[in-house]
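Enquirer: You'll find coords.cif just under this line, and it carries mmCIF, C-alpha atoms and all ligand atoms.
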```
data_target
loop_
_atom_site.label_atom_id
_atom_site.label_comp_id
_atom_site.auth_asym_id
_atom_site.auth_seq_id
_atom_site.Cartn_x
_atom_site.Cartn_y
_atom_site.Cartn_z
CA MET A 256 42.74 35.60 -83.33
CA ALA A 257 44.92 38.65 -82.77
CA LEU A 258 45.79 40.70 -85.88
CA PHE A 259 49.47 40.77 -84.87
CA LYS A 260 51.11 38.23 -82.63
CA LEU A 261 54.77 38.58 -81.74
CA ASP A 262 56.50 35.80 -79.85
CA ASP A 263 59.94 36.31 -78.39
CA VAL A 264 60.99 38.66 -81.20
CA CYS A 265 64.59 39.88 -81.26
CA CYS A 266 65.91 42.34 -83.82
CA PHE A 267 69.62 42.97 -84.30
CA LEU A 268 70.71 45.97 -86.36
CA GLY A 269 74.12 46.81 -87.74
CA ASN A 270 77.05 44.46 -88.19
CA ARG A 271 79.12 42.22 -85.96
CA ASN A 272 81.60 44.97 -85.07
CA ASN A 273 79.13 47.76 -84.70
CA GLY A 274 75.64 46.46 -84.06
CA LYS A 275 73.17 46.00 -81.28
CA MET A 276 70.12 44.07 -80.23
CA VAL A 277 67.52 46.78 -80.77
CA LEU A 278 64.47 44.71 -79.77
CA LYS A 279 64.82 42.15 -77.00
CA ASN A 280 62.42 39.22 -76.62
CA VAL A 281 59.29 41.15 -77.53
CA ASN A 282 55.93 39.49 -76.84
CA LEU A 283 52.95 41.44 -78.07
CA SER A 284 49.39 40.88 -79.32
CA ILE A 285 47.48 43.54 -81.21
CA GLU A 286 43.78 43.11 -81.90
CA ASP A 287 42.06 44.19 -85.10
CA GLU A 288 40.94 47.85 -84.99
CA ALA A 289 43.04 48.60 -81.91
CA VAL A 290 44.68 52.00 -81.47
CA VAL A 291 48.23 51.37 -80.30
CA ALA A 292 50.64 54.00 -78.98
CA VAL A 293 54.34 53.19 -78.95
CA THR A 294 56.29 55.49 -76.62
CA GLY A 295 59.79 55.66 -75.23
CA PRO A 296 62.89 57.85 -75.32
CA SER A 297 64.79 58.57 -78.51
CA GLY A 298 66.78 55.48 -79.53
CA ALA A 299 64.59 53.11 -77.48
CA GLY A 300 63.49 51.10 -80.53
CA LYS A 301 60.08 52.59 -81.42
CA SER A 302 60.74 52.96 -85.15
CA THR A 303 62.36 49.54 -85.25
CA LEU A 304 59.27 48.00 -83.66
CA LEU A 305 57.05 49.61 -86.31
CA ASN A 306 59.44 48.48 -89.07
CA VAL A 307 59.43 44.94 -87.73
CA LEU A 308 55.63 44.85 -87.54
CA CYS A 309 55.25 45.93 -91.16
CA GLY A 310 57.94 43.55 -92.40
CA LEU A 311 60.44 46.23 -93.44
CA GLU A 312 63.04 45.08 -90.93
CA LYS A 313 64.05 41.45 -90.60
CA ILE A 314 64.13 39.82 -87.20
CA GLN A 315 66.90 37.78 -85.63
CA SER A 316 64.68 35.28 -83.84
CA GLY A 317 61.08 34.74 -82.76
CA THR A 318 57.93 34.89 -84.87
CA ILE A 319 55.57 37.59 -86.12
CA LEU A 320 52.13 36.56 -87.27
CA PHE A 321 49.99 39.06 -89.16
CA ASP A 322 46.45 37.83 -89.70
CA GLY A 323 47.78 34.31 -89.16
CA ILE A 324 50.58 34.73 -91.74
CA ASP A 325 54.19 34.29 -90.59
CA ILE A 326 55.71 37.39 -92.16
CA GLY A 327 59.23 36.33 -91.18
CA VAL A 328 59.22 33.58 -93.82
CA LEU A 329 57.67 35.58 -96.68
CA SER A 330 59.85 36.56 -99.64
CA GLU A 331 60.84 40.24 -100.08
CA ASN A 332 58.27 40.52 -102.90
CA LYS A 333 55.45 39.08 -100.83
CA ARG A 334 56.28 41.41 -97.96
CA ALA A 335 56.37 44.41 -100.30
CA ASP A 336 52.98 43.35 -101.66
CA LEU A 337 51.61 43.06 -98.12
CA ARG A 338 52.81 46.58 -97.32
CA LEU A 339 51.29 48.02 -100.50
CA LYS A 340 47.88 46.38 -100.05
CA GLN A 341 47.35 45.94 -96.33
CA PHE A 342 49.38 48.69 -94.67
CA GLY A 343 49.37 52.47 -94.89
CA PHE A 344 52.23 54.69 -93.74
CA VAL A 345 52.44 58.19 -92.33
CA PHE A 346 55.94 59.57 -91.76
CA GLN A 347 57.25 62.37 -89.58
CA ALA A 348 58.65 64.16 -92.66
CA PHE A 349 55.43 63.69 -94.73
CA ASN A 350 57.41 62.19 -97.67
CA LEU A 351 55.18 63.56 -100.41
CA ILE A 352 56.61 63.50 -103.94
CA PRO A 353 57.37 67.16 -104.75
CA SER A 354 56.74 66.91 -108.50
CA LEU A 355 53.31 65.31 -108.15
CA SER A 356 50.08 67.15 -107.43
CA VAL A 357 48.26 66.51 -104.17
CA LYS A 358 45.80 64.30 -106.04
CA ASP A 359 48.54 62.26 -107.71
CA ASN A 360 50.33 61.83 -104.39
CA ILE A 361 47.14 60.53 -102.78
CA VAL A 362 46.29 58.03 -105.51
CA LEU A 363 49.89 56.80 -105.93
CA PRO A 364 49.55 53.63 -103.77
CA ALA A 365 46.40 52.67 -105.66
CA ALA A 366 48.08 53.34 -109.01
CA MET A 367 51.04 51.17 -107.96
CA CYS A 368 48.81 48.15 -107.53
CA ARG A 369 46.36 49.10 -110.28
CA ALA A 370 43.54 49.28 -107.76
CA LYS A 371 40.35 51.12 -108.67
CA ILE A 372 39.49 54.06 -106.46
CA GLU A 373 35.85 54.36 -105.55
CA PRO A 374 34.97 58.02 -106.17
CA GLU A 375 32.72 58.09 -103.13
CA TYR A 376 35.46 56.80 -100.82
CA TYR A 377 38.00 59.22 -102.34
CA ARG A 378 35.62 62.14 -101.78
CA SER A 379 34.77 61.12 -98.22
CA VAL A 380 38.47 60.78 -97.28
CA LEU A 381 39.33 64.21 -98.71
CA GLU A 382 36.33 65.77 -97.05
CA MET A 383 37.09 64.24 -93.67
CA LEU A 384 40.68 65.48 -93.87
CA GLY A 385 39.62 68.95 -95.07
CA ILE A 386 41.81 68.83 -98.19
CA SER A 387 39.21 68.73 -100.99
CA ASP A 388 40.32 72.14 -102.28
CA LEU A 389 44.00 71.27 -102.45
CA THR A 390 44.02 68.49 -105.04
CA GLY A 391 45.50 70.58 -107.90
CA LYS A 392 48.33 72.05 -105.82
CA LEU A 393 51.91 70.89 -105.45
CA PRO A 394 53.26 69.94 -102.00
CA SER A 395 55.41 73.10 -102.01
CA GLN A 396 52.24 75.20 -102.23
CA ILE A 397 50.62 73.88 -99.04
CA SER A 398 51.43 74.05 -95.32
CA GLY A 399 53.00 71.34 -93.14
CA GLY A 400 49.68 70.49 -91.50
CA GLU A 401 48.07 70.22 -94.93
CA MET A 402 50.94 68.03 -96.20
CA GLN A 403 50.44 65.62 -93.34
CA ARG A 404 46.68 65.49 -93.97
CA VAL A 405 47.45 64.67 -97.63
CA ALA A 406 49.86 61.98 -96.41
CA ILE A 407 47.06 60.47 -94.30
CA ALA A 408 44.81 60.36 -97.37
CA ARG A 409 47.61 58.60 -99.28
CA ALA A 410 48.07 56.14 -96.41
CA ILE A 411 44.42 55.10 -96.41
CA ILE A 412 43.54 55.22 -100.11
CA ASN A 413 44.07 51.44 -100.52
CA HIS A 414 41.77 50.60 -97.59
CA PRO A 415 44.66 49.28 -95.49
CA LYS A 416 43.96 47.06 -92.53
CA VAL A 417 46.70 48.81 -90.56
CA VAL A 418 48.02 52.38 -90.54
CA PHE A 419 51.55 52.90 -89.20
CA ALA A 420 52.43 56.44 -88.16
CA ASP A 421 55.97 57.11 -86.92
CA GLU A 422 55.99 60.39 -84.95
CA PRO A 423 53.33 61.80 -87.31
CA THR A 424 53.14 65.16 -85.53
CA GLY A 425 56.87 65.50 -84.86
CA ASN A 426 57.35 68.18 -87.54
CA LEU A 427 54.22 70.17 -86.76
CA ASP A 428 53.39 72.98 -84.32
CA SER A 429 51.12 71.94 -81.47
CA GLU A 430 47.89 73.25 -83.02
CA ASN A 431 48.43 71.46 -86.34
CA GLY A 432 49.83 68.44 -84.53
CA THR A 433 46.69 68.11 -82.44
CA ARG A 434 44.48 68.42 -85.52
CA VAL A 435 46.46 65.85 -87.51
CA PHE A 436 46.44 63.46 -84.60
CA GLU A 437 42.68 63.79 -84.09
CA LEU A 438 42.16 63.13 -87.79
CA LEU A 439 44.32 60.01 -87.68
CA LEU A 440 42.21 58.67 -84.83
CA ARG A 441 38.96 59.64 -86.55
CA CYS A 442 39.95 58.01 -89.85
CA ALA A 443 40.99 54.81 -88.09
CA LYS A 444 37.63 54.63 -86.37
CA GLU A 445 35.53 55.59 -89.38
CA PHE A 446 37.31 53.24 -91.80
CA LYS A 447 37.85 50.45 -89.24
CA GLN A 448 41.64 50.42 -89.39
CA THR A 449 44.14 49.37 -86.78
CA LEU A 450 46.33 52.38 -85.96
CA ILE A 451 49.85 51.96 -84.62
CA PHE A 452 51.69 55.20 -83.89
CA ALA A 453 54.99 56.11 -82.28
CA THR A 454 55.19 59.27 -80.21
CA HIS A 455 57.24 61.09 -77.60
CA ASP A 456 54.06 62.59 -76.21
CA ILE A 457 52.57 60.65 -73.30
CA SER A 458 49.29 62.60 -73.48
CA LYS A 459 48.70 61.14 -76.96
CA ALA A 460 49.37 57.63 -75.68
CA GLN A 461 46.52 58.02 -73.23
CA LEU A 462 44.10 58.23 -76.17
CA ALA A 463 45.10 54.75 -77.40
CA ASN A 464 43.59 51.38 -76.35
CA VAL A 465 47.01 49.86 -75.94
CA HIS A 466 50.14 51.59 -74.72
CA VAL A 467 53.42 49.91 -75.67
CA GLU A 468 56.37 51.39 -73.80
CA VAL A 469 59.83 50.70 -75.20
CA PHE A 470 62.96 51.17 -73.09
CA ASP A 471 66.27 50.11 -74.55
CA GLY A 472 64.59 47.47 -76.72
CA VAL A 473 62.45 46.00 -73.97
CA VAL A 474 58.69 46.28 -74.42
CA LYS A 475 56.09 46.70 -71.70
CA VAL A 476 52.38 46.65 -72.61
CA ASP A 477 49.53 48.46 -70.82
CA GLU A 478 45.92 48.13 -71.92
CA ASN A 479 44.26 51.53 -71.31
N1 LIG B 1 71.22 50.22 -88.96
C1 LIG B 1 71.49 50.29 -87.66
N2 LIG B 1 72.63 49.77 -87.15
C2 LIG B 1 72.91 49.80 -85.85
N3 LIG B 1 72.11 50.37 -84.93
C3 LIG B 1 70.97 50.92 -85.36
C4 LIG B 1 70.59 50.91 -86.74
N4 LIG B 1 69.38 51.54 -86.86
C5 LIG B 1 69.03 51.91 -85.62
N5 LIG B 1 69.98 51.55 -84.72
C6 LIG B 1 69.94 51.78 -83.27
O1 LIG B 1 68.79 51.14 -82.76
C7 LIG B 1 68.28 51.87 -81.68
C8 LIG B 1 66.80 52.07 -81.85
O2 LIG B 1 66.56 52.92 -82.96
P1 LIG B 1 65.08 53.41 -83.34
O3 LIG B 1 64.22 52.24 -83.48
O4 LIG B 1 65.23 54.32 -84.50
O5 LIG B 1 64.67 54.22 -82.01
P2 LIG B 1 63.51 55.28 -81.77
O6 LIG B 1 62.59 55.26 -82.95
O7 LIG B 1 62.87 54.87 -80.49
O8 LIG B 1 64.20 56.62 -81.62
C9 LIG B 1 69.08 53.14 -81.56
O9 LIG B 1 70.01 52.98 -80.52
C10 LIG B 1 69.78 53.23 -82.90
O10 LIG B 1 71.01 53.85 -82.76
MG MG B 2 62.04 56.73 -84.30
#
```
For the file at hand, write its structure as structure tokens.
Ligand SMILES: Nc1ncnc2c1ncn2[C@@H]1O[C@H](COP(=O)(O)OP(=O)(O)O)[C@@H](O)[C@H]1O
Ligand SMILES: [Mg+2]
Expert:
Amino acid sequence: MALFKLDDVCCFLGNRNNGKMVLKNVNLSIEDEAVVAVTGPSGAGKSTLLNVLCGLEKIQSGTILFDGIDIGVLSENKRADLRLKQFGFVFQAFNLIPSLSVKDNIVLPAAMCRAKIEPEYYRSVLEMLGISDLTGKLPSQISGGEMQRVAIARAIINHPKVVFADEPTGNLDSENGTRVFELLLRCAKEFKQTLIFATHDISKAQLANVHVEVFDGVVKVDEN
């Protein structure tokens, strides 16, 4: 069974006077532990596709199964719970909480669902991301590349099944962007996560197993 299965999914955003069909009849299967690149021009619908997959955005018609569960019919609370426990998120703008230390930012998703953190897992994540020495600092005291590596640690602290990364290197210079991207791939492999990332950069899409191209809300899928 595919981890995600989308059948004829349409997503309409906005209102009747000023809205548009942002995703048009999307059919897509994503296998467990796949690495999926979502590419397309600005405004094509990449972020909306990610938001629909994680249950943040409601759909107009069609069905989305995650692990056999129809997420379209879940209550807001159940979908929020799914996001907290099964999904991790990495954003273009890092979205760390400025008043919390690096450590407190990383453990926040676990604290929110009162999950225990295994010290060995915590250490191995920080080590892999090269941020073990930063835990006492505030986000304002570290670089952009470091902030995004902290954000990756936060995204994976709850052992998510899926990591969503929306233009994760969009705010980084190319050297830091390359490093962050390699680490995302390495973490997904090491911790057996499905990784779904949006990017403008076609060269990054070539490193994925599945390449989802979005043009004006229409999706085309290539298996690499
Ligand atoms: N709340 C909204 N109301 C109306 N249109 C929206 C809304 N949010 C996004 N859109 C439109 O949906 C399209 C796709 O947006 P998005 O998924 O953010 O694209 P991408 O991530 O590929 O740049 C864009 O044309 C955008 O203007
Ligand atoms: Mg976007």
Enquirer: Contacts of range 270-286 of chain A at 6 Å or less, counting all atoms listed in the file, minus same-chain residues fewer than 4 places along, as a list in words?
Expert: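 Listed by chain and then number, they are Ala257, Leu258, Phe259, Lys260, Leu261, Asp262, Asp263, Val264, Cys265, Cys266, Gly300, Gly472 and Val473 of chain A.
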Enquirer: Take the residues from that selection and write them out as a compact mmCIF listing (two decimals), in the frame of the given file, keeping C-alpha atoms.
Expert:
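Here's the written file part.txt:
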```
# COMPACT_ATOMS: atom_id res chain seq x y z
CA ALA A 257 44.92 38.65 -82.77
CA LEU A 258 45.79 40.70 -85.88
CA PHE A 259 49.47 40.77 -84.87
CA LYS A 260 51.11 38.23 -82.63
CA LEU A 261 54.77 38.58 -81.74
CA ASP A 262 56.50 35.80 -79.85
CA ASP A 263 59.94 36.31 -78.39
CA VAL A 264 60.99 38.66 -81.20
CA CYS A 265 64.59 39.88 -81.26
CA CYS A 266 65.91 42.34 -83.82
CA GLY A 300 63.49 51.10 -80.53
CA GLY A 472 64.59 47.47 -76.72
CA VAL A 473 62.45 46.00 -73.97
```
Enquirer: Which residues are near ligand LIG 1 (chain B) in this structure, taking near to mean any atom at most 12 Å from a ligand atom and counting only C-alpha atoms and all ligand atoms? Format them as number ranges by chain.
Expert: A: 266-279, 293-307, 312-313, 346-347, 420-422, 425, 452-455, 467-474
Enquirer: Considering all atoms listed in the file, state which residue in the set A:Val417, A:Phe321, A:Ser395, A:Asn426 is at the smallest distance from Ala289 in chain A.
Expert: A:Val417
Enquirer: Let me make sure I understand: among A:Met402, A:Leu329, A:Ile397, A:Ala348, which one has the smallest atom-to-atom distance to ligand MG 2 (chain B) if we use all atoms listed in the file?
Expert: A:Ala348
Enquirer: Find the spatial neighbours of Leu450 in chain A, counting all atoms listed in the file, within a cut-off of 8 Å - ignore same-chain residues fewer than 6 positions away - and output them as a list in words.
Expert: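 Near neighbours after the sequence-gap exclusion: Glu288, Ala289, Val290, Val291, Val417, Val418, Phe419, Ala420, Leu440 and Ala443 of chain A.
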Enquirer: From the list A:Ile412, A:Val345, A:Leu427, A:Leu438, which residue is nearest Gly385 in chain A when using all atoms listed in the file?
Expert: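 Among the listed residues, the smallest separation from Gly385 in chain A belongs to A:Leu438.
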Enquirer: So what do you get for CA of Arg334 in chain A versus CA of Val435 in chain A, distance-wise?
Expert: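 Result for CA of Arg334 in chain A versus CA of Val435 in chain A: 28.3 Å, one decimal.
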Enquirer: Of the residues A:Ile326, A:Ser387, A:Arg409, A:Gly399, which is the one nearest to Ala366 in chain A, using all atoms listed in the file?
Expert: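 Closest to Ala366 in chain A of all the choices is A:Arg409.
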Enquirer: For ligand MG 2 (chain B), which residue among A:Lys444, A:Ser429, A:Ile361, A:Pro423 is the nearest when counting all atoms listed in the file?
Expert: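 Of all the options, A:Pro423 lies closest to ligand MG 2 (chain B).
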Enquirer: If we count only C-alpha atoms and set the cut-off at 12 Å, which residues sit around Cys442 in chain A, ignoring sequence neighbours fewer than 4 positions away in its own chain? Please answer as a PyMOL selection string.
Expert: chain A and resi 288+290+376+379-384+404+407-408+410-412+414-418+435-438+446-450
Enquirer: Work out how far atom MG of ligand MG 2 (chain B) is from CA of Gln396 in chain A, in Å to one decimal.
Expert: 27.5 Å
Enquirer: What's the 12 Å shell around Leu363 in chain A, counting only C-alpha atoms, without same-chain residues fewer than 3 positions away, as a list in words?
Expert: Leu339, Gly343, Leu351, Ile352, Leu355, Ser356, Val357, Lys358, Asp359, Asn360, Ala366, Met367, Cys368, Arg369, Ala370, Lys371, Ile372, Val405, Ala406, Ala408, Arg409, Ala410, Ile411, Ile412 and Asn413 of chain A
Enquirer: Counting only C-alpha atoms, which of A:Asp388, A:Gly317, A:Asp336, A:Ala292 gets nearest to Lys475 in chain A?
Expert: A:Ala292
